[in-house]
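File shown: coords05.tsv (TSV, C-alpha atoms).
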chain	number	residue	atom	x	y	z
A	20	MET	CA	-31.56	-34.36	28.11
A	21	LYS	CA	-28.07	-33.40	27.33
A	22	ALA	CA	-26.65	-30.11	28.38
A	23	ILE	CA	-25.31	-28.23	25.43
A	24	THR	CA	-22.34	-26.05	26.08
A	25	LYS	CA	-21.74	-23.35	23.55
A	26	THR	CA	-18.23	-22.04	23.30
A	27	LYS	CA	-18.33	-18.50	22.09
A	28	SER	CA	-15.05	-17.36	20.62
A	29	ILE	CA	-14.06	-13.82	21.42
A	30	GLU	CA	-14.55	-11.43	18.54
A	31	THR	CA	-11.42	-9.60	17.60
A	32	LYS	CA	-11.44	-6.59	15.33
A	33	ASN	CA	-9.03	-3.88	14.22
A	34	ILE	CA	-10.69	-0.76	12.97
A	35	VAL	CA	-9.72	2.48	11.30
A	36	TYR	CA	-11.90	5.53	11.91
A	37	VAL	CA	-10.56	8.66	10.34
A	38	GLY	CA	-11.39	11.94	8.66
A	39	ARG	CA	-9.79	12.62	5.30
A	40	SER	CA	-9.94	15.08	2.46
A	41	ILE	CA	-11.39	14.16	-0.96
A	42	ASP	CA	-7.83	13.52	-2.09
A	43	GLY	CA	-7.10	11.23	0.85
A	44	TYR	CA	-5.02	13.32	3.23
A	45	ILE	CA	-5.45	13.15	7.01
A	46	ALA	CA	-3.36	16.26	7.73
A	47	GLY	CA	-2.26	19.24	5.65
A	48	LYS	CA	1.22	20.03	4.36
A	49	LYS	CA	2.19	21.65	7.65
A	50	GLY	CA	0.20	19.18	9.74
A	51	GLU	CA	-2.93	21.38	9.63
A	52	LEU	CA	-6.12	19.80	10.92
A	53	ASP	CA	-8.36	22.90	10.81
A	54	TRP	CA	-9.90	21.83	7.48
A	55	LEU	CA	-11.51	18.91	9.34
A	56	ASP	CA	-13.92	21.51	10.76
A	57	ILE	CA	-14.51	23.39	7.51
A	58	ILE	CA	-18.21	22.45	7.50
A	59	PRO	CA	-20.05	24.62	10.02
A	60	GLY	CA	-21.61	22.58	12.81
A	61	SER	CA	-19.53	19.47	12.18
A	62	ASP	CA	-17.82	19.82	15.56
A	63	LYS	CA	-21.21	19.80	17.26
A	64	ILE	CA	-22.61	16.54	15.96
A	65	ASP	CA	-21.58	12.95	16.61
A	66	MET	CA	-20.89	11.15	13.36
A	67	GLY	CA	-20.41	7.79	15.04
A	68	TYR	CA	-17.29	8.46	17.06
A	69	VAL	CA	-19.03	7.98	20.42
A	70	GLY	CA	-20.37	4.55	19.47
A	71	MET	CA	-17.06	3.51	17.97
A	72	MET	CA	-15.15	4.53	21.10
A	73	ALA	CA	-17.66	2.64	23.25
A	74	GLU	CA	-17.18	-0.47	21.14
A	75	ILE	CA	-13.39	-0.66	21.23
A	76	ASP	CA	-11.20	-1.96	24.05
A	77	ALA	CA	-8.04	0.00	23.32
A	78	LEU	CA	-6.29	2.27	20.82
A	79	VAL	CA	-3.07	1.70	18.95
A	80	MET	CA	-1.36	4.75	17.50
A	81	GLY	CA	2.04	5.78	16.23
A	82	ARG	CA	4.37	8.26	17.84
A	83	VAL	CA	3.45	11.07	15.45
A	84	THR	CA	-0.26	10.82	16.21
A	85	PHE	CA	0.49	10.55	19.93
A	86	GLU	CA	2.49	13.77	19.80
A	87	VAL	CA	-0.22	15.51	17.78
A	88	VAL	CA	-2.78	14.59	20.45
A	89	LEU	CA	-0.42	15.73	23.24
A	90	ASN	CA	0.04	19.06	21.47
A	91	PHE	CA	-3.71	19.69	21.21
A	92	GLY	CA	-3.24	21.26	24.64
A	93	ILE	CA	-6.49	19.73	25.84
A	94	GLU	CA	-7.25	17.18	28.52
A	95	TRP	CA	-6.24	13.66	27.48
A	96	PRO	CA	-9.22	12.71	25.29
A	97	TYR	CA	-9.22	8.92	25.57
A	98	LYS	CA	-10.87	6.85	28.28
A	99	LYS	CA	-9.67	3.57	26.81
A	100	PRO	CA	-6.02	2.50	27.12
A	101	VAL	CA	-3.77	3.85	24.38
A	102	PHE	CA	-0.81	1.84	23.13
A	103	VAL	CA	1.81	3.95	21.41
A	104	LEU	CA	3.94	2.19	18.82
A	105	SER	CA	7.39	3.65	19.08
A	106	ASN	CA	11.04	2.77	19.22
A	107	SER	CA	12.07	6.31	20.08
A	108	VAL	CA	9.64	7.37	22.82
A	109	THR	CA	10.95	5.98	26.11
A	110	GLU	CA	8.97	7.91	28.65
A	111	ILE	CA	5.26	8.62	29.02
A	112	PRO	CA	4.38	11.93	30.73
A	113	ASP	CA	3.49	11.29	34.39
A	114	PRO	CA	-0.23	12.16	34.30
A	115	LEU	CA	-0.73	9.64	31.49
A	116	LYS	CA	1.14	6.71	32.98
A	117	GLU	CA	-2.00	4.75	33.74
A	118	LYS	CA	-3.61	5.58	30.40
A	119	VAL	CA	-0.83	5.35	27.84
A	120	PHE	CA	1.56	2.48	27.29
A	121	LEU	CA	4.52	2.04	25.01
A	122	THR	CA	4.82	-0.90	22.72
A	123	ASN	CA	6.74	-1.89	19.63
A	124	GLY	CA	7.28	-4.72	17.21
A	125	SER	CA	5.38	-5.93	14.16
A	126	PRO	CA	1.66	-5.24	13.89
A	127	GLN	CA	0.96	-8.96	14.44
A	128	LYS	CA	3.14	-9.03	17.56
A	129	VAL	CA	1.40	-5.95	18.94
A	130	ILE	CA	-2.04	-7.43	18.24
A	131	ASP	CA	-1.09	-10.74	19.87
A	132	GLN	CA	0.19	-8.91	22.93
A	133	LEU	CA	-3.00	-6.84	23.24
A	134	HIS	CA	-5.21	-9.90	22.83
A	135	THR	CA	-3.28	-11.59	25.64
A	136	LEU	CA	-3.93	-8.53	27.79
A	137	GLY	CA	-7.65	-8.85	27.07
A	138	TYR	CA	-7.97	-6.06	24.47
A	139	HIS	CA	-9.72	-7.50	21.45
A	140	LYS	CA	-11.37	-4.63	19.63
A	141	LEU	CA	-8.74	-2.15	18.63
A	142	TYR	CA	-8.86	1.31	17.08
A	143	ILE	CA	-5.79	1.69	14.88
A	144	ASP	CA	-4.91	5.33	14.33
A	145	GLY	CA	-2.34	7.41	12.46
A	146	GLY	CA	-1.09	7.33	8.89
A	147	VAL	CA	2.07	5.27	9.27
A	148	THR	CA	0.45	2.86	11.72
A	149	VAL	CA	-2.62	2.32	9.53
A	150	GLN	CA	-0.30	1.68	6.56
A	151	GLN	CA	1.73	-0.91	8.51
A	152	PHE	CA	-1.43	-2.68	9.66
A	153	LEU	CA	-2.86	-2.65	6.13
A	154	GLU	CA	0.41	-4.07	4.79
A	155	ALA	CA	0.08	-6.90	7.34
A	156	ASP	CA	-3.60	-7.29	6.31
A	157	LEU	CA	-4.68	-6.66	9.89
A	158	ILE	CA	-7.37	-4.04	9.28
A	159	ASP	CA	-10.89	-5.47	9.46
A	160	GLU	CA	-13.02	-2.37	9.25
A	161	MET	CA	-12.57	1.20	8.03
A	162	THR	CA	-14.85	4.16	8.54
A	163	LEU	CA	-13.69	7.00	6.31
A	164	THR	CA	-15.25	10.41	6.80
A	165	THR	CA	-14.63	12.64	3.80
A	166	ILE	CA	-14.49	16.40	4.20
A	167	PRO	CA	-15.37	18.14	0.89
A	168	ILE	CA	-11.99	19.71	0.22
A	169	VAL	CA	-9.12	18.84	-2.09
A	170	LEU	CA	-6.16	19.53	0.17
A	171	GLY	CA	-3.44	19.17	-2.45
A	172	GLY	CA	-0.81	17.71	-0.14
A	173	GLY	CA	-0.03	16.56	3.37
A	174	THR	CA	-0.03	13.30	5.26
A	175	PHE	CA	-1.59	10.59	3.17
A	176	LEU	CA	-3.84	8.07	4.88
A	177	PHE	CA	-2.87	5.20	2.63
A	178	GLY	CA	0.50	4.17	1.30
A	179	GLU	CA	2.20	1.66	-0.95
A	180	LEU	CA	1.15	-1.91	-0.24
A	181	SER	CA	2.66	-5.09	-1.63
A	182	GLN	CA	-0.81	-6.42	-2.41
A	183	SER	CA	-4.23	-4.91	-2.99
A	184	LEU	CA	-6.98	-5.53	-0.45
A	185	ALA	CA	-10.63	-6.01	-1.35
A	186	PHE	CA	-13.21	-4.49	0.96
A	187	GLU	CA	-16.96	-4.78	1.23
A	188	HIS	CA	-19.02	-1.62	1.38
A	189	VAL	CA	-21.14	-1.69	4.55
A	190	GLU	CA	-22.88	1.68	4.50
A	191	SER	CA	-22.59	5.33	3.54
A	192	LYS	CA	-23.99	8.27	5.43
A	193	VAL	CA	-24.05	11.97	4.63
A	194	PHE	CA	-23.80	14.42	7.52
A	195	LEU	CA	-24.86	18.07	7.27
A	196	GLU	CA	-25.45	17.44	3.55
A	197	GLN	CA	-21.69	17.80	3.03
A	198	ILE	CA	-19.69	15.14	4.83
A	199	VAL	CA	-19.77	11.62	3.41
A	200	GLN	CA	-18.93	8.74	5.71
A	201	ASP	CA	-18.23	5.34	4.20
A	202	LYS	CA	-17.86	2.16	6.19
A	203	TYR	CA	-15.95	-0.76	4.67
A	204	ARG	CA	-15.23	-4.26	5.93
A	205	ARG	CA	-12.28	-6.33	4.74
A	206	LYS	CA	-13.37	-9.04	2.32
A	207	ARG	CA	-10.84	-11.83	2.86
A	208	THR	CA	-12.51	-14.65	0.94
A	209	VAL	CA	-13.57	-14.08	-2.64
B	24	MET	CA	-44.50	48.17	-24.90
B	25	LYS	CA	-40.80	47.71	-24.87
B	26	ALA	CA	-39.19	44.64	-26.21
B	27	ILE	CA	-37.02	43.00	-23.64
B	28	THR	CA	-34.03	41.18	-24.93
B	29	LYS	CA	-32.59	38.59	-22.64
B	30	THR	CA	-29.00	37.72	-23.13
B	31	LYS	CA	-28.41	34.25	-21.91
B	32	SER	CA	-24.79	33.59	-21.14
B	33	ILE	CA	-23.52	30.23	-22.20
B	34	GLU	CA	-22.89	27.86	-19.34
B	35	THR	CA	-19.36	26.60	-19.27
B	36	LYS	CA	-18.29	23.68	-17.14
B	37	ASN	CA	-15.28	21.43	-16.77
B	38	ILE	CA	-16.02	18.12	-15.20
B	39	VAL	CA	-14.12	15.12	-13.90
B	40	TYR	CA	-15.86	11.75	-14.01
B	41	VAL	CA	-13.66	8.92	-12.88
B	42	GLY	CA	-13.48	5.59	-11.12
B	43	ARG	CA	-10.98	5.26	-8.31
B	44	SER	CA	-9.97	2.87	-5.57
B	45	ILE	CA	-10.63	3.61	-1.88
B	46	ASP	CA	-7.04	4.85	-1.69
B	47	GLY	CA	-7.49	7.16	-4.66
B	48	TYR	CA	-5.79	5.41	-7.57
B	49	ILE	CA	-7.21	5.41	-11.09
B	50	ALA	CA	-4.88	2.67	-12.38
B	51	GLY	CA	-2.81	-0.05	-10.72
B	52	LYS	CA	0.98	-0.23	-10.40
B	53	LYS	CA	1.29	-1.75	-13.87
B	54	GLY	CA	-1.55	0.31	-15.30
B	55	GLU	CA	-4.13	-2.37	-14.44
B	56	LEU	CA	-7.76	-1.36	-14.84
B	57	ASP	CA	-9.35	-4.78	-14.21
B	58	TRP	CA	-10.13	-3.90	-10.57
B	59	LEU	CA	-12.62	-1.32	-11.90
B	60	ASP	CA	-14.85	-4.31	-12.71
B	61	ILE	CA	-14.27	-6.20	-9.45
B	62	ILE	CA	-17.94	-5.86	-8.46
B	63	PRO	CA	-19.99	-8.37	-10.47
B	64	GLY	CA	-22.54	-6.69	-12.71
B	65	SER	CA	-20.91	-3.26	-12.58
B	66	ASP	CA	-20.08	-3.44	-16.28
B	67	LYS	CA	-23.76	-3.99	-17.05
B	68	ILE	CA	-25.27	-0.96	-15.37
B	69	ASP	CA	-25.05	2.71	-16.18
B	70	MET	CA	-23.87	4.70	-13.18
B	71	GLY	CA	-24.40	8.04	-14.87
B	72	TYR	CA	-21.83	7.84	-17.64
B	73	VAL	CA	-24.43	7.95	-20.41
B	74	GLY	CA	-26.02	11.13	-19.09
B	75	MET	CA	-22.66	12.76	-18.47
B	76	MET	CA	-21.49	11.96	-22.00
B	77	ALA	CA	-24.74	13.36	-23.40
B	78	GLU	CA	-24.25	16.56	-21.41
B	79	ILE	CA	-20.70	17.38	-22.47
B	80	ASP	CA	-19.57	18.96	-25.73
B	81	ALA	CA	-16.05	17.56	-25.89
B	82	LEU	CA	-13.36	15.67	-24.00
B	83	VAL	CA	-9.91	16.81	-22.99
B	84	MET	CA	-7.41	14.12	-22.11
B	85	GLY	CA	-3.68	13.67	-21.78
B	86	ARG	CA	-1.47	11.61	-24.01
B	87	VAL	CA	-1.26	8.71	-21.53
B	88	THR	CA	-5.02	8.33	-21.30
B	89	PHE	CA	-5.33	8.65	-25.08
B	90	GLU	CA	-2.85	5.81	-25.56
B	91	VAL	CA	-4.61	3.69	-22.93
B	92	VAL	CA	-7.89	4.11	-24.82
B	93	LEU	CA	-6.20	3.34	-28.16
B	94	ASN	CA	-4.75	0.16	-26.65
B	95	PHE	CA	-8.12	-1.09	-25.44
B	96	GLY	CA	-8.32	-2.64	-28.89
B	97	ILE	CA	-11.97	-1.69	-29.17
B	98	GLU	CA	-13.79	0.64	-31.53
B	99	TRP	CA	-13.15	4.30	-30.68
B	100	PRO	CA	-15.59	4.81	-27.79
B	101	TYR	CA	-16.29	8.54	-27.98
B	102	LYS	CA	-18.89	10.24	-30.14
B	103	LYS	CA	-17.91	13.72	-28.95
B	104	PRO	CA	-14.69	15.37	-30.14
B	105	VAL	CA	-11.63	14.47	-28.12
B	106	PHE	CA	-8.80	16.96	-27.62
B	107	VAL	CA	-5.53	15.34	-26.71
B	108	LEU	CA	-3.12	17.49	-24.73
B	109	SER	CA	0.35	16.61	-25.89
B	110	ASN	CA	3.63	18.07	-26.96
B	111	SER	CA	4.96	14.73	-28.15
B	112	VAL	CA	2.12	13.24	-30.19
B	113	THR	CA	2.29	14.75	-33.66
B	114	GLU	CA	0.06	12.47	-35.65
B	115	ILE	CA	-3.44	11.15	-35.06
B	116	PRO	CA	-4.16	7.72	-36.56
B	117	ASP	CA	-6.07	8.11	-39.85
B	118	PRO	CA	-9.43	6.62	-38.82
B	119	LEU	CA	-9.62	9.09	-35.91
B	120	LYS	CA	-8.73	12.27	-37.79
B	121	GLU	CA	-12.25	13.64	-37.64
B	122	LYS	CA	-12.75	12.66	-34.01
B	123	VAL	CA	-9.48	13.39	-32.26
B	124	PHE	CA	-7.54	16.63	-32.28
B	125	LEU	CA	-4.20	17.61	-30.86
B	126	THR	CA	-3.81	20.59	-28.62
B	127	ASN	CA	-1.33	21.94	-26.11
B	128	GLY	CA	-0.67	24.86	-23.83
B	129	SER	CA	-1.87	25.82	-20.41
B	130	PRO	CA	-5.24	24.55	-19.19
B	131	GLN	CA	-6.64	28.08	-19.45
B	132	LYS	CA	-5.41	28.44	-23.03
B	133	VAL	CA	-6.91	25.08	-23.97
B	134	ILE	CA	-10.24	26.00	-22.38
B	135	ASP	CA	-10.32	29.38	-24.13
B	136	GLN	CA	-9.58	27.72	-27.45
B	137	LEU	CA	-12.35	25.15	-26.97
B	138	HIS	CA	-14.86	27.81	-25.95
B	139	THR	CA	-14.03	29.72	-29.13
B	140	LEU	CA	-14.70	26.55	-31.09
B	141	GLY	CA	-18.09	26.26	-29.41
B	142	TYR	CA	-17.29	23.52	-26.90
B	143	HIS	CA	-18.40	24.72	-23.48
B	144	LYS	CA	-19.02	21.67	-21.36
B	145	LEU	CA	-15.84	19.67	-21.14
B	146	TYR	CA	-15.00	16.29	-19.69
B	147	ILE	CA	-11.44	16.47	-18.37
B	148	ASP	CA	-9.86	13.03	-18.13
B	149	GLY	CA	-6.60	11.43	-17.02
B	150	GLY	CA	-4.48	11.78	-13.89
B	151	VAL	CA	-1.92	14.35	-15.04
B	152	THR	CA	-4.50	16.41	-16.93
B	153	VAL	CA	-6.92	16.50	-14.01
B	154	GLN	CA	-4.07	17.58	-11.73
B	155	GLN	CA	-3.07	20.41	-14.08
B	156	PHE	CA	-6.66	21.61	-14.34
B	157	LEU	CA	-7.12	21.43	-10.55
B	158	GLU	CA	-3.88	23.40	-10.09
B	159	ALA	CA	-5.33	26.08	-12.39
B	160	ASP	CA	-8.62	25.87	-10.46
B	161	LEU	CA	-10.47	25.00	-13.64
B	162	ILE	CA	-12.44	21.98	-12.42
B	163	ASP	CA	-16.07	22.81	-11.65
B	164	GLU	CA	-17.53	19.41	-10.95
B	165	MET	CA	-16.19	16.00	-9.97
B	166	THR	CA	-18.03	12.70	-9.95
B	167	LEU	CA	-15.87	10.14	-8.17
B	168	THR	CA	-16.93	6.52	-8.30
B	169	THR	CA	-15.19	4.48	-5.61
B	170	ILE	CA	-14.54	0.78	-6.11
B	171	PRO	CA	-14.22	-1.01	-2.74
B	172	ILE	CA	-10.60	-1.99	-3.00
B	173	VAL	CA	-7.41	-0.61	-1.48
B	174	LEU	CA	-5.06	-0.84	-4.43
B	175	GLY	CA	-1.84	-0.01	-2.60
B	176	GLY	CA	-0.18	1.82	-5.47
B	177	GLY	CA	-0.53	3.01	-9.05
B	178	THR	CA	-1.56	6.19	-10.79
B	179	PHE	CA	-2.95	8.65	-8.31
B	180	LEU	CA	-5.95	10.74	-9.33
B	181	PHE	CA	-4.91	13.77	-7.34
B	182	GLY	CA	-1.53	15.38	-6.91
B	183	GLU	CA	0.25	18.17	-5.13
B	184	LEU	CA	-1.51	21.51	-5.46
B	185	SER	CA	-0.25	24.91	-4.44
B	186	GLN	CA	-3.57	25.67	-2.77
B	187	SER	CA	-6.41	23.64	-1.34
B	188	LEU	CA	-9.80	23.74	-3.09
B	189	ALA	CA	-13.11	23.64	-1.26
B	190	PHE	CA	-15.92	21.67	-2.86
B	191	GLU	CA	-19.60	21.34	-2.16
B	192	HIS	CA	-21.07	17.88	-1.83
B	193	VAL	CA	-23.93	17.52	-4.32
B	194	GLU	CA	-25.02	13.91	-3.90
B	195	SER	CA	-23.88	10.39	-3.14
B	196	LYS	CA	-25.24	7.20	-4.65
B	197	VAL	CA	-24.49	3.57	-3.94
B	198	PHE	CA	-24.59	1.12	-6.86
B	199	LEU	CA	-24.95	-2.66	-6.43
B	200	GLU	CA	-24.63	-2.03	-2.68
B	201	GLN	CA	-20.86	-1.76	-3.15
B	202	ILE	CA	-19.88	1.16	-5.33
B	203	VAL	CA	-20.15	4.64	-3.87
B	204	GLN	CA	-20.42	7.56	-6.25
B	205	ASP	CA	-19.91	11.07	-4.89
B	206	LYS	CA	-20.60	14.21	-6.84
B	207	TYR	CA	-18.88	17.45	-5.82
B	208	ARG	CA	-19.09	20.99	-7.14
B	209	ARG	CA	-16.33	23.56	-6.72
B	210	LYS	CA	-17.18	26.10	-4.05
B	211	ARG	CA	-15.40	29.27	-5.16
B	212	THR	CA	-16.98	31.79	-2.83
B	213	VAL	CA	-17.00	31.18	0.90

Now that the file is in, can you turn its structure into structure tokens?
Amino acid sequence: MKAITKTKSIETKNIVYVGRSIDGYIAGKKGELDWLDIIPGSDKIDMGYVGMMAEIDALVMGRVTFEVVLNFGIEWPYKKPVFVLSNSVTEIPDPLKEKVFLTNGSPQKVIDQLHTLGYHKLYIDGGVTVQQFLEADLIDEMTLTTIPIVLGGGTFLFGELSQSLAFEHVESKVFLEQIVQDKYRRKRTV
Amino acid sequence: MKAITKTKSIETKNIVYVGRSIDGYIAGKKGELDWLDIIPGSDKIDMGYVGMMAEIDALVMGRVTFEVVLNFGIEWPYKKPVFVLSNSVTEIPDPLKEKVFLTNGSPQKVIDQLHTLGYHKLYIDGGVTVQQFLEADLIDEMTLTTIPIVLGGGTFLFGELSQSLAFEHVESKVFLEQIVQDKYRRKRTV
């Protein structure tokens, strides 16, 4: 009998998991996020965030999102390492030095670097960052949670891309009869 | 015995029924609409359009949408009267003179005029027109059919509004396992 050795390649994945308004904004005109909780009870249920956070190895976010999280005035909410994409931030606040790391460069360069460090499943967060990763076709999965409000302005989740990107619908869920969550997977071969 | 006379008020309703990309566009950068049919078989099933068209009394659309429909090069597709909002169109092509009518003025003025004419349930179509009606808070119901593609640019369904508008989620359906259709109703009292 011959021994069969299976080589299992490491699964890599870049995911987006974000709440948005019906009209596609992730923050209001003045950066407001209160509308995310407009449906009573939505802050008390898990809509998949816990499982998603357990699945990923690290987060990648832009400077703006990083500063928004810092300004929440709460304890640092992430247990997984957070990589902040920035050319302007040069210093991470002391208490976060073992949790937050600065990085920069193209989305592909950042991904390569994180893979080398052993982080393969990545949560990509923040409007500008998501747009840059979409432009580089580096988003594999998106979970979009839609709050039933037309915000009428603010920070748009998506932006201009040089090419359109086909996705496959994976599933849709409705929470509290009001919040629709759609999961999509990038469809690279047609 | 006393005769009881019930006065039934006429239900009025302005609805939006539109296909959009995941990122919220209703037409591509060059006006492309082919991506609306990206899911095989989607042109062969009714996703609710027939029932919606049966329910409404008339359509209201902007000049751009009117010209897009004219340029389809197909037979005029609407059996209900179509009111085209325009200050620049002055003449309706002869074969359409009993089906298409020109109007202009504020959304409220247009609605009032159509109610007077006996048209109470209205299908409001086209990006600019929908935006103007949303700005005037005159949209009561929206059925948004999402094609699983990130288009990366084009004609946006929604626009800047001076105030946000809360909606109530009515139902979500998935067609062909790929196309998500969400129905929302304006929530005017909180």

Close residues, stretch 85-90 of chain A itself excluded, 9 Å, all atoms listed in the file, min 6 positions apart in chain, as an mmCIF file with C-alpha atoms, in the frame of the given file:
data_model
loop_
_atom_site.group_PDB
_atom_site.id
_atom_site.type_symbol
_atom_site.label_atom_id
_atom_site.label_comp_id
_atom_site.auth_asym_id
_atom_site.auth_seq_id
_atom_site.Cartn_x
_atom_site.Cartn_y
_atom_site.Cartn_z
ATOM 1 C CA GLY A 50 0.200 19.180 9.740
ATOM 2 C CA PRO A 96 -9.220 12.710 25.290
ATOM 3 C CA VAL A 103 1.810 3.950 21.410
ATOM 4 C CA GLY A 145 -2.340 7.410 12.460
#

**Item:** Residues of chain A within 9 Å of chain B, all atoms listed in the file counted, as a ChimeraX atom specification
**Value:** /A:41-43,57,154,166-173,176-193,196-199,201,203

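Of note, atom CA of B:His143 and atom CA of B:Val39 are spaced 14.2 Å apart.
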
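When all atoms listed in the file are used to measure the gap to A:Thr122, the shortest distance among A:Val147, A:Met80, A:Ile64, A:Ile93 belongs to A:Met80.
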
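Between atom CA of B:Thr166 and atom CA of A:Lys49 the interatomic distance comes to 28.3 Å.
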
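If you look at atom CA of A:Gln200 and atom CA of A:Ser61, they are 12.5 Å away from each other.
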